[in-house]
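Notes for the one structure printed next.
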Amino acid sequence: MERLLVSVNKSNLLRLQEELSFASDGLELLEEKKEALMVHITTLSTKAQRVRAAVNKALERSYDYLREAVLIHGRLACERASLGISLAEEVEIKEKSFMGVALPRVSIRLPKLSPSYGFHGTGAAMDSVLKTLYESMEMIAELAEIEVGLFRLVTEIKKTIKRLNALENIYIPLYQSTVKYIEENLEEKEREFLFQLKREKERMKEVEHGAV
């Protein structure tokens, strides 16, 4: 197995053991982060499906009224009426951190609905288009908040999984093999030293006996 190219000594062993311990702690934290992100992504995905369905339903109603308005008043009249429409909405975007991910918080303030086009060439169908779109604005803002949040969470979990794989499959095994190699070599050196020490003691005894 591959290992780091470092000198075999006690100092490097202690340093690598400390770094290996730090990497193992990091691996555990990343696993916890991945799980938390997965839970939040699942929750937001479920919410997104519900809100998206509500938005689609509301917009379908708006398009139905628009088709009716076009049939009654003609496309040109509908286009002229649309040019005079301004909801004057105020959108505020803040951010809240979740596991290091900045998630948007969108709030929208809408003034009281009041059609800005005149009575000539318009009718109830046009009013219904405006009313249903007006009622959809808060849901659209909520859906945008959820969709952007999901995108950021998915991006972050991909990064987290990439880091996890690097730690688990490359970094930690590399350090483990290096630590094992240094430990084995230090043990071998210690055995050689003890063996040499034992031989030296035996030689000294032989010399002492010979002197007597």
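Within each chain, counting starts at residue 1; across the structure tokens, chains are named A, B, ... in the order shown, with ligands numbered 1 upward in that order.
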Please identify which residues in chain A DSSP calls strand (DSSP E or B) from the backbone, and express them as a compact mmCIF listing (two decimals) with N, CA and C atoms, in the first residue's frame.
# COMPACT_ATOMS: atom_id res chain seq x y z
N GLU A 90 -42.87 44.39 -3.32
CA GLU A 90 -41.56 44.61 -2.68
C GLU A 90 -41.06 43.25 -2.21
N VAL A 91 -39.91 42.87 -2.73
CA VAL A 91 -39.32 41.56 -2.40
C VAL A 91 -38.09 41.78 -1.52
N GLU A 92 -38.05 41.08 -0.40
CA GLU A 92 -36.90 41.16 0.50
C GLU A 92 -36.28 39.77 0.62
N ILE A 93 -34.98 39.70 0.44
CA ILE A 93 -34.27 38.42 0.50
C ILE A 93 -33.22 38.48 1.61
N LYS A 94 -33.36 37.60 2.56
CA LYS A 94 -32.36 37.45 3.62
C LYS A 94 -31.78 36.04 3.52
N GLU A 95 -30.77 35.78 4.31
CA GLU A 95 -30.16 34.45 4.29
C GLU A 95 -30.01 33.90 5.70
N LYS A 96 -30.18 32.58 5.80
CA LYS A 96 -30.00 31.89 7.07
C LYS A 96 -29.08 30.69 6.83
N SER A 97 -28.10 30.54 7.71
CA SER A 97 -27.11 29.48 7.51
C SER A 97 -27.61 28.15 8.07
N PHE A 98 -27.41 27.10 7.28
CA PHE A 98 -27.70 25.74 7.73
C PHE A 98 -26.51 24.86 7.35
N VAL A 101 -24.37 26.37 4.87
CA VAL A 101 -24.99 26.70 3.58
C VAL A 101 -25.92 27.89 3.78
N ALA A 102 -25.74 28.94 2.97
CA ALA A 102 -26.59 30.13 3.06
C ALA A 102 -27.91 29.86 2.33
N LEU A 103 -28.98 29.69 3.09
CA LEU A 103 -30.30 29.43 2.50
C LEU A 103 -31.11 30.72 2.47
N PRO A 104 -31.74 31.02 1.33
CA PRO A 104 -32.49 32.27 1.22
C PRO A 104 -33.79 32.24 2.00
N ARG A 105 -34.17 33.41 2.48
CA ARG A 105 -35.48 33.61 3.12
C ARG A 105 -36.15 34.75 2.36
N VAL A 106 -37.17 34.42 1.58
CA VAL A 106 -37.80 35.40 0.70
C VAL A 106 -39.14 35.84 1.28
N SER A 107 -39.31 37.13 1.38
CA SER A 107 -40.61 37.68 1.79
C SER A 107 -41.05 38.69 0.74
N ILE A 108 -42.34 38.71 0.47
CA ILE A 108 -42.87 39.61 -0.56
C ILE A 108 -44.05 40.38 0.02
N ARG A 109 -44.05 41.68 -0.22
CA ARG A 109 -45.15 42.53 0.24
C ARG A 109 -45.88 43.07 -0.99
Practice prompt. Return as a PyMOL selection string the full set of residues in chain A whose backbone-based DSSP assignment is helix (DSSP H, G or I).
Written response: chain A and resi 10-73+75-83+124-211
Emit the selected residues as a compact mmCIF listing (two decimals), in the first residue's frame, including C-alpha atoms.
# COMPACT_ATOMS: atom_id res chain seq x y z
CA LYS A 10 9.38 9.03 16.83
CA SER A 11 8.68 12.68 16.08
CA ASN A 12 7.09 11.92 12.69
CA LEU A 13 5.15 9.05 14.21
CA LEU A 14 3.58 11.30 16.85
CA ARG A 15 2.81 13.99 14.28
CA LEU A 16 1.19 11.55 11.85
CA GLN A 17 -0.83 9.88 14.61
CA GLU A 18 -2.17 13.29 15.62
CA GLU A 19 -3.05 14.18 12.02
CA LEU A 20 -4.68 10.76 11.55
CA SER A 21 -6.79 11.32 14.67
CA PHE A 22 -7.79 14.75 13.36
CA ALA A 23 -8.75 13.23 9.98
CA SER A 24 -10.85 10.54 11.68
CA ASP A 25 -12.69 13.20 13.67
CA GLY A 26 -13.21 15.15 10.46
CA LEU A 27 -14.62 12.06 8.78
CA GLU A 28 -17.14 11.63 11.57
CA LEU A 29 -18.19 15.28 11.38
CA LEU A 30 -18.60 15.08 7.61
CA GLU A 31 -20.78 11.97 8.00
CA GLU A 32 -22.99 13.88 10.44
CA LYS A 33 -23.13 16.84 8.06
CA LYS A 34 -24.08 14.59 5.15
CA GLU A 35 -26.91 13.03 7.15
CA ALA A 36 -28.22 16.45 8.25
CA LEU A 37 -28.10 17.74 4.68
CA MET A 38 -29.93 14.67 3.39
CA VAL A 39 -32.71 15.11 5.95
CA HIS A 40 -33.11 18.80 5.06
CA ILE A 41 -33.04 18.09 1.33
CA THR A 42 -35.75 15.44 1.74
CA THR A 43 -37.90 17.83 3.77
CA LEU A 44 -37.50 20.67 1.27
CA SER A 45 -38.10 18.35 -1.70
CA THR A 46 -41.42 17.27 -0.23
CA LYS A 47 -42.35 20.89 0.44
CA ALA A 48 -41.25 21.90 -3.07
CA GLN A 49 -43.54 19.29 -4.65
CA ARG A 50 -46.51 20.60 -2.67
CA VAL A 51 -45.83 24.29 -3.39
CA ARG A 52 -44.98 23.62 -7.05
CA ALA A 53 -48.28 21.78 -7.51
CA ALA A 54 -50.16 24.70 -5.94
CA VAL A 55 -48.32 27.23 -8.16
CA ASN A 56 -48.99 25.18 -11.30
CA LYS A 57 -52.66 24.91 -10.42
CA ALA A 58 -52.94 28.66 -9.81
CA LEU A 59 -51.12 29.50 -13.05
CA GLU A 60 -53.30 27.10 -15.01
CA ARG A 61 -56.32 29.08 -13.79
CA SER A 62 -54.60 32.30 -14.87
CA TYR A 63 -53.92 30.90 -18.35
CA ASP A 64 -57.52 29.71 -18.63
CA TYR A 65 -58.74 33.24 -17.86
CA LEU A 66 -56.15 34.67 -20.27
CA ARG A 67 -57.35 32.43 -23.10
CA GLU A 68 -60.91 33.53 -22.34
CA ALA A 69 -59.86 37.21 -22.35
CA VAL A 70 -58.07 36.80 -25.69
CA LEU A 71 -61.15 35.16 -27.22
CA ILE A 72 -63.43 37.94 -25.97
CA HIS A 73 -61.25 41.07 -26.38
CA ARG A 75 -54.78 39.58 -28.30
CA LEU A 76 -53.94 43.24 -29.00
CA ALA A 77 -56.34 44.53 -26.34
CA CYS A 78 -54.92 42.07 -23.79
CA GLU A 79 -51.37 43.16 -24.61
CA ARG A 80 -52.30 46.84 -24.22
CA ALA A 81 -53.93 46.13 -20.87
CA SER A 82 -50.90 44.17 -19.66
CA LEU A 83 -48.59 47.13 -20.37
CA ALA A 124 -64.09 40.27 -16.08
CA ALA A 125 -61.76 37.73 -17.73
CA MET A 126 -58.86 40.21 -17.63
CA ASP A 127 -59.65 41.05 -14.01
CA SER A 128 -59.56 37.34 -13.20
CA VAL A 129 -56.14 36.95 -14.85
CA LEU A 130 -54.78 39.79 -12.71
CA LYS A 131 -56.44 38.49 -9.53
CA THR A 132 -55.17 34.92 -9.89
CA LEU A 133 -51.62 36.11 -10.70
CA TYR A 134 -51.74 38.44 -7.71
CA GLU A 135 -52.80 35.56 -5.46
CA SER A 136 -49.99 33.40 -6.85
CA MET A 137 -47.16 35.82 -6.06
CA GLU A 138 -46.57 34.67 -2.48
CA MET A 139 -46.51 31.03 -3.53
CA ILE A 140 -44.09 31.83 -6.38
CA ALA A 141 -41.79 33.63 -3.94
CA GLU A 142 -41.95 30.64 -1.58
CA LEU A 143 -41.19 28.22 -4.42
CA ALA A 144 -38.21 30.33 -5.52
CA GLU A 145 -36.89 30.26 -1.95
CA ILE A 146 -37.22 26.48 -1.78
CA GLU A 147 -35.75 25.82 -5.23
CA VAL A 148 -32.68 27.99 -4.63
CA GLY A 149 -32.23 26.44 -1.20
CA LEU A 150 -32.42 22.95 -2.66
CA PHE A 151 -29.87 23.81 -5.35
CA ARG A 152 -27.42 25.09 -2.74
CA LEU A 153 -27.97 22.11 -0.45
CA VAL A 154 -27.45 19.61 -3.28
CA THR A 155 -24.29 21.45 -4.33
CA GLU A 156 -23.01 21.33 -0.75
CA ILE A 157 -23.80 17.64 -0.24
CA LYS A 158 -21.90 16.81 -3.44
CA LYS A 159 -18.87 18.64 -2.03
CA THR A 160 -19.31 16.89 1.31
CA ILE A 161 -19.48 13.44 -0.29
CA LYS A 162 -16.38 14.25 -2.35
CA ARG A 163 -14.49 15.22 0.81
CA LEU A 164 -15.76 12.10 2.58
CA ASN A 165 -14.55 9.86 -0.22
CA ALA A 166 -11.15 11.58 -0.28
CA LEU A 167 -10.73 11.15 3.48
CA GLU A 168 -12.07 7.60 3.64
CA ASN A 169 -10.43 6.17 0.53
CA ILE A 170 -7.23 8.19 0.10
CA TYR A 171 -6.13 10.38 3.00
CA ILE A 172 -6.85 8.13 6.00
CA PRO A 173 -5.56 4.86 4.41
CA LEU A 174 -2.41 6.69 3.34
CA TYR A 175 -1.76 7.90 6.87
CA GLN A 176 -2.68 4.55 8.40
CA SER A 177 -0.20 2.70 6.21
CA THR A 178 2.51 5.28 6.95
CA VAL A 179 1.92 5.10 10.71
CA LYS A 180 2.01 1.29 10.56
CA TYR A 181 5.23 1.37 8.54
CA ILE A 182 6.95 3.72 10.99
CA GLU A 183 5.71 1.74 14.01
CA GLU A 184 7.00 -1.53 12.55
CA ASN A 185 10.37 0.00 11.67
CA LEU A 186 10.76 1.61 15.09
CA GLU A 187 9.90 -1.71 16.76
CA GLU A 188 12.45 -3.46 14.58
CA LYS A 189 15.08 -0.88 15.47
CA GLU A 190 14.23 -1.29 19.16
CA ARG A 191 14.59 -5.08 18.90
CA GLU A 192 17.95 -4.68 17.17
CA PHE A 193 19.09 -2.24 19.85
CA LEU A 194 18.04 -4.61 22.66
CA PHE A 195 19.73 -7.51 20.89
CA GLN A 196 22.94 -5.53 20.49
CA LEU A 197 22.71 -4.39 24.12
CA LYS A 198 22.29 -8.01 25.26
CA ARG A 199 25.30 -9.13 23.20
CA GLU A 200 27.39 -6.29 24.59
CA LYS A 201 26.49 -7.30 28.17
CA GLU A 202 27.38 -10.91 27.42
CA ARG A 203 30.69 -9.81 25.92
CA MET A 204 31.43 -7.68 28.98
CA LYS A 205 30.74 -10.67 31.25
CA GLU A 206 33.05 -12.85 29.16
CA VAL A 207 35.78 -10.23 29.46
CA GLU A 208 35.26 -10.02 33.23
CA HIS A 209 35.44 -13.82 33.62
CA GLY A 210 38.54 -13.97 31.47
CA ALA A 211 40.20 -11.32 33.61
